[in-house]
file query.csv (CSV, C-alpha atoms and all ligand atoms)
chain,number,residue,atom,x,y,z
A,1,MET,CA,51.3,32.6,-28.0
A,2,ILE,CA,50.5,29.0,-28.6
A,3,ALA,CA,52.9,28.0,-25.9
A,4,LYS,CA,51.2,30.4,-23.5
A,5,ILE,CA,47.8,28.9,-24.3
A,6,LYS,CA,49.2,25.4,-23.7
A,7,GLU,CA,50.4,26.5,-20.3
A,8,LEU,CA,47.0,27.9,-19.5
A,9,ILE,CA,45.4,24.6,-20.5
A,10,GLU,CA,47.6,22.8,-17.9
A,11,GLU,CA,46.7,25.4,-15.3
A,12,VAL,CA,43.0,24.9,-16.0
A,13,GLU,CA,43.4,21.2,-15.6
A,14,LYS,CA,45.1,21.6,-12.2
A,15,PHE,CA,42.7,24.2,-10.9
A,16,LYS,CA,40.8,23.4,-7.7
A,17,ALA,CA,38.0,25.3,-5.9
A,18,SER,CA,36.0,24.8,-2.8
A,19,THR,CA,33.5,27.6,-3.0
A,20,THR,CA,31.1,29.0,-5.6
A,21,ASP,CA,32.9,32.3,-5.4
A,22,GLU,CA,36.2,30.7,-6.4
A,23,ILE,CA,34.6,29.0,-9.3
A,24,GLU,CA,33.0,32.2,-10.5
A,25,GLU,CA,36.3,34.1,-10.2
A,26,PHE,CA,37.9,31.4,-12.3
A,27,ARG,CA,35.2,31.6,-14.9
A,28,ILE,CA,35.5,35.4,-15.1
A,29,LYS,CA,39.3,35.2,-15.4
A,30,TYR,CA,39.0,33.2,-18.6
A,31,LEU,CA,35.6,33.7,-20.2
A,32,SER,CA,34.6,37.2,-19.2
A,33,LYS,CA,33.5,39.2,-22.3
A,34,LYS,CA,35.6,42.1,-21.0
A,35,GLY,CA,39.2,41.2,-20.3
A,36,GLY,CA,38.8,37.5,-20.0
A,37,LEU,CA,41.9,35.6,-21.2
A,38,VAL,CA,40.1,33.6,-23.8
A,39,THR,CA,38.4,36.7,-25.1
A,40,GLU,CA,41.8,38.5,-25.3
A,41,PHE,CA,43.4,35.7,-27.3
A,42,PHE,CA,40.5,35.7,-29.7
A,43,SER,CA,41.1,39.4,-30.4
A,44,GLU,CA,44.7,38.6,-31.1
A,45,PHE,CA,43.7,36.2,-33.9
A,46,LYS,CA,44.1,38.7,-36.6
A,47,ASN,CA,47.8,39.2,-35.7
A,48,VAL,CA,48.6,35.5,-35.9
A,49,PRO,CA,50.7,34.6,-38.9
A,50,LYS,CA,48.7,32.8,-41.6
A,51,GLU,CA,50.4,29.4,-41.3
A,52,GLU,CA,49.8,29.3,-37.5
A,53,LYS,CA,46.1,30.4,-37.6
A,54,LYS,CA,44.8,26.9,-37.8
A,55,GLU,CA,46.7,25.5,-34.8
A,56,PHE,CA,46.1,28.7,-32.9
A,57,GLY,CA,42.3,28.4,-33.5
A,58,GLN,CA,42.2,24.8,-32.4
A,59,ILE,CA,44.3,25.2,-29.3
A,60,LEU,CA,42.3,28.3,-28.2
A,61,ASN,CA,39.0,26.5,-28.7
A,62,LYS,CA,40.3,23.7,-26.6
A,63,LEU,CA,41.2,26.1,-23.8
A,64,LYS,CA,37.7,27.7,-24.0
A,65,ASP,CA,36.0,24.2,-23.8
A,66,ASP,CA,38.2,23.0,-21.0
A,67,VAL,CA,37.4,26.1,-18.9
A,68,SER,CA,33.6,25.6,-19.3
A,69,ASP,CA,33.9,21.9,-18.7
A,70,LYS,CA,35.9,22.6,-15.6
A,71,VAL,CA,33.4,25.2,-14.3
A,72,ASN,CA,30.5,22.7,-14.7
A,73,TYR,CA,32.4,19.9,-13.1
A,74,LEU,CA,33.4,22.0,-10.1
A,75,LYS,CA,29.8,23.2,-9.6
A,76,GLN,CA,28.5,19.6,-9.8
A,77,ILE,CA,31.0,18.5,-7.1
A,78,LEU,CA,30.1,21.3,-4.9
A,79,LYS,CA,26.4,20.5,-5.2
A,80,SER,CA,26.8,16.9,-4.2
A,81,LYS,CA,29.1,17.9,-1.3
A,82,ASP,CA,26.3,20.2,-0.1
A,83,VAL,CA,24.1,17.2,0.3
A,84,ILE,CA,26.6,15.1,2.2
A,85,ASP,CA,28.4,17.7,4.1
A,86,THR,CA,25.8,18.6,6.7
A,87,SER,CA,26.3,19.0,10.3
A,88,ALA,CA,24.1,16.0,11.1
A,89,ASP,CA,25.5,13.2,13.2
A,90,LEU,CA,25.5,10.3,10.7
A,91,SER,CA,26.0,7.7,13.4
A,92,LEU,CA,22.7,8.5,15.1
A,93,PRO,CA,20.1,5.7,14.7
A,94,GLY,CA,17.2,6.7,12.4
A,95,SER,CA,13.8,7.6,13.8
A,96,SER,CA,11.5,4.7,13.5
A,97,TYR,CA,8.3,4.8,11.4
A,98,LYS,CA,5.0,3.9,13.0
A,99,ILE,CA,3.8,0.8,11.2
A,100,GLY,CA,0.2,-0.2,11.6
A,101,SER,CA,-0.8,-3.6,12.9
A,102,ARG,CA,-3.5,-6.0,11.7
A,103,HIS,CA,-6.9,-5.9,13.3
A,104,PRO,CA,-7.4,-8.8,15.8
A,105,ILE,CA,-10.4,-9.9,13.6
A,106,SER,CA,-8.1,-10.2,10.6
A,107,ILE,CA,-5.4,-12.0,12.6
A,108,THR,CA,-7.9,-14.5,13.8
A,109,ARG,CA,-9.6,-14.9,10.4
A,110,ASN,CA,-6.2,-15.5,8.8
A,111,GLU,CA,-5.3,-18.1,11.4
A,112,ILE,CA,-8.6,-20.0,11.0
A,113,VAL,CA,-8.3,-19.9,7.2
A,114,ASP,CA,-4.7,-21.1,7.4
A,115,ILE,CA,-5.7,-24.2,9.5
A,116,PHE,CA,-8.6,-25.2,7.1
A,117,THR,CA,-6.6,-24.5,4.0
A,118,ARG,CA,-4.1,-27.2,5.2
A,119,LEU,CA,-7.1,-29.6,5.1
A,120,GLY,CA,-7.9,-28.7,1.5
A,121,PHE,CA,-10.6,-26.1,2.0
A,122,VAL,CA,-10.7,-23.2,-0.6
A,123,ILE,CA,-11.9,-19.7,0.2
A,124,SER,CA,-15.2,-18.5,-1.4
A,125,GLU,CA,-16.6,-15.0,-1.1
A,126,GLY,CA,-20.0,-13.5,-1.9
A,127,PRO,CA,-22.0,-10.3,-1.6
A,128,GLU,CA,-23.1,-8.8,1.7
A,129,ILE,CA,-26.4,-7.7,0.1
A,130,GLU,CA,-28.3,-10.9,-0.7
A,131,ASP,CA,-31.7,-12.2,-1.7
A,132,ASP,CA,-34.0,-14.4,0.2
A,133,ARG,CA,-33.1,-17.6,-1.7
A,134,HIS,CA,-29.4,-17.5,-0.9
A,135,VAL,CA,-29.8,-16.6,2.7
A,136,PHE,CA,-33.0,-18.6,3.6
A,137,SER,CA,-35.0,-20.6,1.2
A,138,ALA,CA,-32.2,-22.6,-0.5
A,139,LEU,CA,-31.1,-23.4,3.1
A,140,ASN,CA,-34.4,-25.0,4.1
A,141,PHE,CA,-35.7,-22.1,6.2
A,142,PRO,CA,-39.5,-22.6,6.3
A,143,PRO,CA,-41.4,-19.4,5.2
A,144,GLU,CA,-42.5,-18.7,8.8
A,145,HIS,CA,-39.1,-19.3,10.4
A,146,PRO,CA,-38.4,-16.7,13.1
A,147,ALA,CA,-34.9,-15.9,11.7
A,148,ARG,CA,-36.6,-14.2,8.7
A,149,ASP,CA,-38.4,-12.0,11.2
A,150,MET,CA,-37.7,-8.2,10.9
A,151,GLN,CA,-36.1,-8.4,14.3
A,152,ASP,CA,-33.1,-10.4,13.1
A,153,THR,CA,-32.8,-9.4,9.5
A,154,PHE,CA,-32.1,-6.0,7.9
A,155,PHE,CA,-34.2,-5.7,4.8
A,156,ILE,CA,-33.4,-3.2,2.1
A,157,GLU,CA,-35.7,-0.7,0.6
A,158,LYS,CA,-38.8,-2.3,2.1
A,159,ASN,CA,-38.3,-5.2,-0.4
A,160,PRO,CA,-38.4,-8.4,1.7
A,161,ASP,CA,-36.5,-10.2,-1.0
A,162,ILE,CA,-33.4,-8.0,-0.7
A,163,LEU,CA,-31.5,-8.1,2.6
A,164,LEU,CA,-28.2,-8.0,4.4
A,165,ARG,CA,-26.9,-11.5,4.8
A,166,THR,CA,-27.3,-12.8,8.4
A,167,HIS,CA,-24.8,-15.6,7.8
A,168,THR,CA,-22.2,-16.5,5.2
A,169,SER,CA,-24.0,-19.8,4.5
A,170,SER,CA,-25.4,-17.7,1.6
A,171,VAL,CA,-21.9,-17.9,-0.1
A,172,GLN,CA,-22.1,-21.7,0.1
A,173,VAL,CA,-25.4,-21.7,-1.8
A,174,ARG,CA,-23.6,-19.7,-4.5
A,175,VAL,CA,-20.8,-22.3,-4.5
A,176,MET,CA,-23.3,-25.1,-4.9
A,177,ASP,CA,-25.0,-23.1,-7.7
A,178,ASN,CA,-21.8,-23.1,-9.7
A,179,GLN,CA,-19.8,-26.2,-8.7
A,180,LYS,CA,-20.3,-29.9,-8.7
A,181,PRO,CA,-19.2,-32.0,-5.8
A,182,PRO,CA,-16.7,-32.7,-4.4
A,183,ILE,CA,-17.0,-29.2,-2.7
A,184,ARG,CA,-14.7,-28.2,0.2
A,185,THR,CA,-15.1,-24.5,0.8
A,186,LEU,CA,-14.6,-21.9,3.5
A,187,SER,CA,-16.5,-18.6,3.5
A,188,PRO,CA,-15.3,-15.8,5.7
A,189,GLY,CA,-17.1,-12.5,5.7
A,190,ARG,CA,-19.1,-9.8,7.4
A,191,VAL,CA,-22.7,-10.5,8.4
A,192,PHE,CA,-25.5,-8.4,9.8
A,193,ARG,CA,-28.2,-8.9,12.4
A,194,ASN,CA,-30.7,-6.5,13.9
A,195,GLU,CA,-29.5,-6.8,17.5
A,196,ALA,CA,-29.0,-4.3,20.3
A,197,ILE,CA,-25.3,-3.5,20.7
A,198,SER,CA,-23.8,-4.6,23.9
A,199,ALA,CA,-20.6,-6.2,25.3
A,200,ARG,CA,-21.7,-9.6,24.0
A,201,ALA,CA,-23.7,-8.7,20.8
A,202,HIS,CA,-23.3,-6.4,17.8
A,203,CYS,CA,-25.4,-5.8,14.7
A,204,ILE,CA,-22.3,-6.3,12.5
A,205,PHE,CA,-19.9,-9.2,13.0
A,206,HIS,CA,-17.8,-11.7,11.1
A,207,GLN,CA,-18.2,-15.4,10.4
A,208,ILE,CA,-16.4,-18.3,8.9
A,209,GLU,CA,-18.5,-21.1,7.6
A,210,GLY,CA,-17.2,-24.4,6.1
A,211,LEU,CA,-18.9,-26.8,3.7
A,212,TYR,CA,-17.8,-30.2,2.6
A,213,ILE,CA,-19.8,-32.3,0.2
A,214,ASP,CA,-18.6,-35.6,-1.3
A,215,LYS,CA,-19.5,-39.3,-1.5
A,216,ASP,CA,-19.4,-40.9,2.0
A,217,VAL,CA,-18.9,-37.8,4.1
A,218,SER,CA,-19.9,-38.7,7.7
A,219,PHE,CA,-20.4,-37.2,11.0
A,220,ALA,CA,-17.1,-38.8,12.1
A,221,ASP,CA,-15.3,-36.7,9.4
A,222,LEU,CA,-16.9,-33.6,10.8
A,223,LYS,CA,-15.9,-34.4,14.4
A,224,GLN,CA,-12.3,-35.2,13.4
A,225,THR,CA,-12.0,-32.0,11.3
A,226,LEU,CA,-13.3,-29.8,14.2
A,227,LEU,CA,-11.1,-31.6,16.7
A,228,TYR,CA,-8.1,-30.9,14.6
A,229,PHE,CA,-9.2,-27.2,14.2
A,230,ALA,CA,-9.7,-26.8,18.0
A,231,LYS,CA,-6.3,-28.2,18.8
A,232,GLU,CA,-4.5,-26.1,16.2
A,233,MET,CA,-6.3,-23.0,17.3
A,234,PHE,CA,-6.3,-23.3,21.1
A,235,GLY,CA,-3.6,-25.8,21.8
A,236,GLU,CA,-2.9,-29.5,21.8
A,237,LYS,CA,-4.6,-30.2,25.1
A,238,THR,CA,-7.9,-28.8,24.0
A,239,LYS,CA,-11.0,-31.1,24.2
A,240,ILE,CA,-14.2,-30.7,22.3
A,241,ARG,CA,-17.8,-31.8,23.0
A,242,LEU,CA,-20.8,-31.7,20.8
A,243,ARG,CA,-24.3,-30.9,22.1
A,244,PRO,CA,-27.4,-31.7,20.0
A,245,SER,CA,-28.9,-28.5,18.5
A,246,TYR,CA,-31.1,-27.3,15.7
A,247,PHE,CA,-30.4,-25.5,12.4
A,248,PRO,CA,-32.8,-25.6,9.5
A,249,PHE,CA,-30.0,-26.5,7.0
A,250,THR,CA,-28.4,-29.4,9.0
A,251,GLU,CA,-29.6,-32.7,10.3
A,252,PRO,CA,-28.4,-33.8,12.7
A,253,SER,CA,-27.1,-30.5,14.1
A,254,ALA,CA,-24.8,-29.8,17.0
A,255,GLU,CA,-23.1,-27.0,18.9
A,256,MET,CA,-19.5,-27.5,19.7
A,257,ASP,CA,-17.8,-26.5,22.9
A,258,ILE,CA,-14.1,-26.5,23.6
A,259,SER,CA,-12.6,-27.1,27.1
A,260,CYS,CA,-12.0,-23.6,28.5
A,261,SER,CA,-8.7,-22.3,27.2
A,262,LEU,CA,-8.2,-20.1,30.2
A,263,CYS,CA,-8.7,-22.4,33.2
A,264,GLY,CA,-8.0,-25.6,31.2
A,265,GLY,CA,-11.5,-27.0,32.1
A,266,LYS,CA,-11.3,-26.4,35.9
A,267,GLY,CA,-13.9,-23.6,35.9
A,268,CYS,CA,-13.5,-19.8,35.9
A,269,ASN,CA,-15.5,-16.7,35.3
A,270,VAL,CA,-15.0,-16.8,31.5
A,271,CYS,CA,-16.5,-20.3,31.2
A,272,LYS,CA,-19.0,-19.5,33.9
A,273,TYR,CA,-17.5,-22.3,36.0
A,274,THR,CA,-18.6,-25.0,33.5
A,275,GLY,CA,-15.2,-25.7,32.1
A,276,TRP,CA,-16.6,-25.4,28.5
A,277,LEU,CA,-16.9,-22.6,26.0
A,278,GLU,CA,-19.3,-22.7,23.0
A,279,ILE,CA,-17.6,-21.8,19.8
A,280,LEU,CA,-19.5,-23.0,16.8
A,281,GLY,CA,-22.6,-24.6,15.2
A,282,CYS,CA,-22.3,-27.6,12.8
A,283,GLY,CA,-24.1,-30.6,11.4
A,284,MET,CA,-24.7,-32.8,8.4
A,285,VAL,CA,-26.1,-30.9,5.4
A,286,ASP,CA,-29.9,-31.5,5.3
A,287,PRO,CA,-30.8,-33.6,2.2
A,288,ASN,CA,-33.4,-30.9,1.4
A,289,VAL,CA,-30.5,-28.4,1.0
A,290,LEU,CA,-28.6,-30.6,-1.3
A,291,GLU,CA,-31.7,-31.3,-3.4
A,292,SER,CA,-32.7,-27.6,-3.7
A,293,ASN,CA,-29.2,-26.8,-4.9
A,294,GLY,CA,-29.2,-29.5,-7.6
A,295,ILE,CA,-27.1,-32.1,-5.7
A,296,ASP,CA,-28.3,-35.7,-5.6
A,297,SER,CA,-28.7,-36.6,-1.9
A,298,ASN,CA,-28.7,-40.3,-2.7
A,299,ILE,CA,-25.1,-40.1,-3.9
A,300,TYR,CA,-23.7,-37.2,-1.9
A,301,THR,CA,-23.6,-36.3,1.8
A,302,GLY,CA,-21.9,-33.3,3.4
A,303,TYR,CA,-21.1,-31.5,6.6
A,304,ALA,CA,-21.2,-27.8,7.5
A,305,PHE,CA,-20.0,-25.6,10.3
A,306,GLY,CA,-20.0,-22.0,11.1
A,307,MET,CA,-18.4,-19.8,13.8
A,308,GLY,CA,-18.2,-16.1,14.8
A,309,ILE,CA,-14.7,-14.7,14.4
A,310,GLU,CA,-15.2,-12.1,17.1
A,311,ARG,CA,-15.9,-14.9,19.6
A,312,ILE,CA,-12.8,-16.9,18.7
A,313,ALA,CA,-10.7,-13.7,18.9
A,314,MET,CA,-12.2,-12.9,22.3
A,315,LEU,CA,-11.1,-16.3,23.6
A,316,LYS,CA,-7.7,-16.1,21.9
A,317,PHE,CA,-6.8,-12.6,23.1
A,318,GLY,CA,-8.9,-12.4,26.3
A,319,ILE,CA,-11.0,-9.6,25.0
A,320,LYS,CA,-14.1,-8.9,27.2
A,321,ASP,CA,-16.2,-6.4,25.1
A,322,LEU,CA,-17.3,-6.9,21.5
A,323,ARG,CA,-17.6,-3.2,21.0
A,324,LEU,CA,-13.8,-2.7,21.2
A,325,TYR,CA,-13.5,-4.3,17.7
A,326,PHE,CA,-15.4,-1.5,16.0
A,327,GLU,CA,-14.2,1.5,17.9
A,328,ASN,CA,-10.8,1.8,16.2
A,329,ASP,CA,-9.2,3.0,19.4
A,330,LEU,CA,-5.4,2.9,18.7
A,331,ARG,CA,-4.7,2.0,22.4
A,332,PHE,CA,-6.6,-1.2,21.7
A,333,LEU,CA,-5.5,-1.9,18.1
A,334,SER,CA,-1.8,-1.4,18.7
A,335,GLN,CA,-1.7,-4.3,21.1
A,336,PHE,CA,-2.0,-6.8,18.3
A,337,HIS,CA,1.2,-7.5,16.5
A,401,LIG,N1,-25.1,-20.5,9.7
A,401,LIG,C1,-25.2,-20.7,11.2
A,401,LIG,C2,-25.3,-19.4,11.9
A,401,LIG,O1,-25.1,-18.4,11.3
A,401,LIG,C3,-24.0,-21.5,11.6
A,401,LIG,C4,-23.9,-22.9,11.1
A,401,LIG,C5,-23.3,-23.2,9.9
A,401,LIG,C6,-24.6,-23.9,11.8
A,401,LIG,C7,-23.3,-24.4,9.4
A,401,LIG,C8,-24.5,-25.2,11.3
A,401,LIG,C9,-23.9,-25.4,10.1
A,401,LIG,O2,-25.5,-19.4,13.1

call {"tool": "encode", "arguments": {"input": "query.csv", "output": "structure tokens"}}
result
Amino acid sequence: MIAKIKELIEEVEKFKASTTDEIEEFRIKYLSKKGGLVTEFFSEFKNVPKEEKKEFGQILNKLKDDVSDKVNYLKQILKSKDVIDTSADLSLPGSSYKIGSRHPISITRNEIVDIFTRLGFVISEGPEIEDDRHVFSALNFPPEHPARDMQDTFFIEKNPDILLRTHTSSVQVRVMDNQKPPIRTLSPGRVFRNEAISARAHCIFHQIEGLYIDKDVSFADLKQTLLYFAKEMFGEKTKIRLRPSYFPFTEPSAEMDISCSLCGGKGCNVCKYTGWLEILGCGMVDPNVLESNGIDSNIYTGYAFGMGIERIAMLKFGIKDLRLYFENDLRFLSQFH
């Protein structure tokens, strides 16, 4: 009998199956409670001579274990085959995922940030809901200045001290509150002005403002920095020109134009046949601003500049209508990769 069991062990080892039915048949043949081979041998146990009982028991238990191991093993194989063995054509290229793209405002902001970071500027951010001091009074806005007027500024809860920032210069006041010169910071962010929405104006837009304060900072530093920026952003051939202007927080102040990036300065309908495009405001930080932020204006000077990101992106990508930025129309957004 022992020899017979050994034979069966070999048979079990060699057994192969390719369907669940075959495996089940195999299991029944050996392990079925009624008439299974293993079960039969166990019932023979009482007839086995005493001195063989031990070996018989061991070898029979091995057969039983081998059968259940084999059944589990074959089931496992079949399962993994089910996954692989489909009728799909594995050589077909996969279907592509739709990946989103960055918003043109983000692309432009990142590029501007990248250029100024190379010059040592660090990013600073601040809240969109601000108070009067950070947006106006610490920036030398006289109390009666028209920019504080309800027409431009969104006030919150009828409290004239709490408002939505109208420019990110407010962040620079926060930097001056917390840091001693030298300061070289760049503040990108969303700003709000109570303006009628049209192709050229919106009540929400984005700015990047820069501030540099140190000993001996001059207008020449400002001009050179902005020329570098214009060339990096719009191409090596770009020229700049500065026109005198007025901002409460800078003196002297200027507005900067670049030579039209579309016609190269010859004149076209984008530059209204002037050859120039206005892109930013700038100037030397007014000593009053330095003093009201605790910086000694006899030791330190500084420059500041600010630009609208929408405007830069319009020139860069040839976008004609500001409203497109806010509509989230995929036909528009998916063009920017
Ligand atoms: N803060 C100004 C604005 O919002 C821009 C500016 C910044 C002008 C710095 C001069 C210097 O229009």

call {"tool": "atom_distance", "arguments": {"input": "query.csv", "atom1": "CA of Leu139 in chain A", "atom2": "CA of Gly294 in chain A"}}
result
12.5 Å

call {"tool": "atom_distance", "arguments": {"input": "query.csv", "atom1": "CA of His134 in chain A", "atom2": "CA of Asn110 in chain A"}}
result
25.2 Å

call {"tool": "residues_near_point", "arguments": {"input": "query.csv", "point": "(40.7, 28.7, -31.7)", "cutoff": "12 Å", "atoms": "all atoms listed in the file", "output": "PyMOL selection string"}}
result
chain A and resi 1-2+5+38-46+48+52-65

call {"tool": "closest_atom_pairs", "arguments": {"input": "query.csv", "of": "chain A", "to": "ligand LIG 401 (chain A)", "cutoff": "8 Å", "atoms": "all atoms listed in the file", "output": "tab-separated table"}}
result
residue	atom	partner	partner_atom	distance
A:Thr166	CA	A:LIG401	O1	6.7
A:His167	CA	A:LIG401	O1	4.5
A:Thr168	CA	A:LIG401	N1	6.7
A:Ser169	CA	A:LIG401	N1	5.4
A:Gln207	CA	A:LIG401	O1	7.6
A:Glu209	CA	A:LIG401	C5	5.7
A:Gly210	CA	A:LIG401	C7	6.9
A:Leu211	CA	A:LIG401	C7	7.6
A:Phe247	CA	A:LIG401	C8	6.0
A:Phe249	CA	A:LIG401	C9	6.9
A:Thr250	CA	A:LIG401	C9	6.1
A:Ser253	CA	A:LIG401	C8	6.5
A:Ala254	CA	A:LIG401	C8	7.3
A:Glu255	CA	A:LIG401	C6	7.9
A:Leu280	CA	A:LIG401	C3	7.0
A:Gly281	CA	A:LIG401	C6	4.0
A:Cys282	CA	A:LIG401	C8	3.6
A:Gly283	CA	A:LIG401	C9	5.4
A:Met284	CA	A:LIG401	C9	7.6
A:Val285	CA	A:LIG401	C9	7.6
A:Tyr303	CA	A:LIG401	C9	7.6
A:Ala304	CA	A:LIG401	C7	4.4
A:Phe305	CA	A:LIG401	C7	3.6
A:Gly306	CA	A:LIG401	C5	3.7
A:Met307	CA	A:LIG401	C3	6.3

call {"tool": "residues_around", "arguments": {"input": "query.csv", "residues": "Ile156 in chain A", "least_positions_apart": "3", "cutoff": "12 Å", "atoms": "only C-alpha atoms", "output": "PDB file with C-alpha atoms, in the coordinates of the input"}}
result
ATOM      1  CA  GLU A 128     -23.100  -8.800   1.700  1.00  0.00           C
ATOM      2  CA  ILE A 129     -26.400  -7.700   0.100  1.00  0.00           C
ATOM      3  CA  GLU A 130     -28.300 -10.900  -0.700  1.00  0.00           C
ATOM      4  CA  ASP A 131     -31.700 -12.200  -1.700  1.00  0.00           C
ATOM      5  CA  ASP A 132     -34.000 -14.400   0.200  1.00  0.00           C
ATOM      6  CA  MET A 150     -37.700  -8.200  10.900  1.00  0.00           C
ATOM      7  CA  THR A 153     -32.800  -9.400   9.500  1.00  0.00           C
ATOM      8  CA  ASN A 159     -38.300  -5.200  -0.400  1.00  0.00           C
ATOM      9  CA  PRO A 160     -38.400  -8.400   1.700  1.00  0.00           C
ATOM     10  CA  ASP A 161     -36.500 -10.200  -1.000  1.00  0.00           C
ATOM     11  CA  ILE A 162     -33.400  -8.000  -0.700  1.00  0.00           C
ATOM     12  CA  LEU A 163     -31.500  -8.100   2.600  1.00  0.00           C
ATOM     13  CA  LEU A 164     -28.200  -8.000   4.400  1.00  0.00           C
ATOM     14  CA  ARG A 165     -26.900 -11.500   4.800  1.00  0.00           C
TER      15      ARG A 165
END

call {"tool": "residues_around", "arguments": {"input": "query.csv", "residues": "Ser334 in chain A", "least_positions_apart": "3", "cutoff": "12 Å", "atoms": "all atoms listed in the file", "output": "ChimeraX atom specification"}}
result
/A:98-104,328-331,337

call {"tool": "residues_around", "arguments": {"input": "query.csv", "residues": "range 213-228 of chain A", "least_positions_apart": "2", "cutoff": "10 Å", "atoms": "all atoms listed in the file", "output": "PDB file with C-alpha atoms, in the frame of the given file"}}
result
ATOM      1  CA  ILE A 115      -5.700 -24.200   9.500  1.00  0.00           C
ATOM      2  CA  PHE A 116      -8.600 -25.200   7.100  1.00  0.00           C
ATOM      3  CA  LEU A 119      -7.100 -29.600   5.100  1.00  0.00           C
ATOM      4  CA  MET A 176     -23.300 -25.100  -4.900  1.00  0.00           C
ATOM      5  CA  LYS A 180     -20.300 -29.900  -8.700  1.00  0.00           C
ATOM      6  CA  PRO A 181     -19.200 -32.000  -5.800  1.00  0.00           C
ATOM      7  CA  PRO A 182     -16.700 -32.700  -4.400  1.00  0.00           C
ATOM      8  CA  ILE A 183     -17.000 -29.200  -2.700  1.00  0.00           C
ATOM      9  CA  ARG A 184     -14.700 -28.200   0.200  1.00  0.00           C
ATOM     10  CA  THR A 185     -15.100 -24.500   0.800  1.00  0.00           C
ATOM     11  CA  LEU A 211     -18.900 -26.800   3.700  1.00  0.00           C
ATOM     12  CA  ALA A 230      -9.700 -26.800  18.000  1.00  0.00           C
ATOM     13  CA  LYS A 231      -6.300 -28.200  18.800  1.00  0.00           C
ATOM     14  CA  GLU A 232      -4.500 -26.100  16.200  1.00  0.00           C
ATOM     15  CA  MET A 233      -6.300 -23.000  17.300  1.00  0.00           C
ATOM     16  CA  GLY A 235      -3.600 -25.800  21.800  1.00  0.00           C
ATOM     17  CA  GLU A 236      -2.900 -29.500  21.800  1.00  0.00           C
ATOM     18  CA  THR A 238      -7.900 -28.800  24.000  1.00  0.00           C
ATOM     19  CA  LYS A 239     -11.000 -31.100  24.200  1.00  0.00           C
ATOM     20  CA  ILE A 240     -14.200 -30.700  22.300  1.00  0.00           C
ATOM     21  CA  ARG A 241     -17.800 -31.800  23.000  1.00  0.00           C
ATOM     22  CA  LEU A 242     -20.800 -31.700  20.800  1.00  0.00           C
ATOM     23  CA  PRO A 252     -28.400 -33.800  12.700  1.00  0.00           C
ATOM     24  CA  SER A 253     -27.100 -30.500  14.100  1.00  0.00           C
ATOM     25  CA  MET A 256     -19.500 -27.500  19.700  1.00  0.00           C
ATOM     26  CA  ILE A 258     -14.100 -26.500  23.600  1.00  0.00           C
ATOM     27  CA  LEU A 280     -19.500 -23.000  16.800  1.00  0.00           C
ATOM     28  CA  CYS A 282     -22.300 -27.600  12.800  1.00  0.00           C
ATOM     29  CA  GLY A 283     -24.100 -30.600  11.400  1.00  0.00           C
ATOM     30  CA  MET A 284     -24.700 -32.800   8.400  1.00  0.00           C
ATOM     31  CA  VAL A 285     -26.100 -30.900   5.400  1.00  0.00           C
ATOM     32  CA  LEU A 290     -28.600 -30.600  -1.300  1.00  0.00           C
ATOM     33  CA  ILE A 295     -27.100 -32.100  -5.700  1.00  0.00           C
ATOM     34  CA  SER A 297     -28.700 -36.600  -1.900  1.00  0.00           C
ATOM     35  CA  ASN A 298     -28.700 -40.300  -2.700  1.00  0.00           C
ATOM     36  CA  ILE A 299     -25.100 -40.100  -3.900  1.00  0.00           C
ATOM     37  CA  TYR A 300     -23.700 -37.200  -1.900  1.00  0.00           C
ATOM     38  CA  THR A 301     -23.600 -36.300   1.800  1.00  0.00           C
ATOM     39  CA  GLY A 302     -21.900 -33.300   3.400  1.00  0.00           C
ATOM     40  CA  TYR A 303     -21.100 -31.500   6.600  1.00  0.00           C
ATOM     41  CA  ALA A 304     -21.200 -27.800   7.500  1.00  0.00           C
ATOM     42  CA  PHE A 305     -20.000 -25.600  10.300  1.00  0.00           C
TER      43      PHE A 305
END

call {"tool": "closest_residue", "arguments": {"input": "query.csv", "among": "A:Phe336, A:Phe234, A:Phe15, A:Phe141", "to": "Ile312 in chain A", "atoms": "all atoms listed in the file"}}
result
A:Phe234

call {"tool": "closest_residue", "arguments": {"input": "query.csv", "among": "A:Ser68, A:Leu333, A:Lys4, A:Ile208", "to": "Phe317 in chain A", "atoms": "only C-alpha atoms"}}
result
A:Leu333
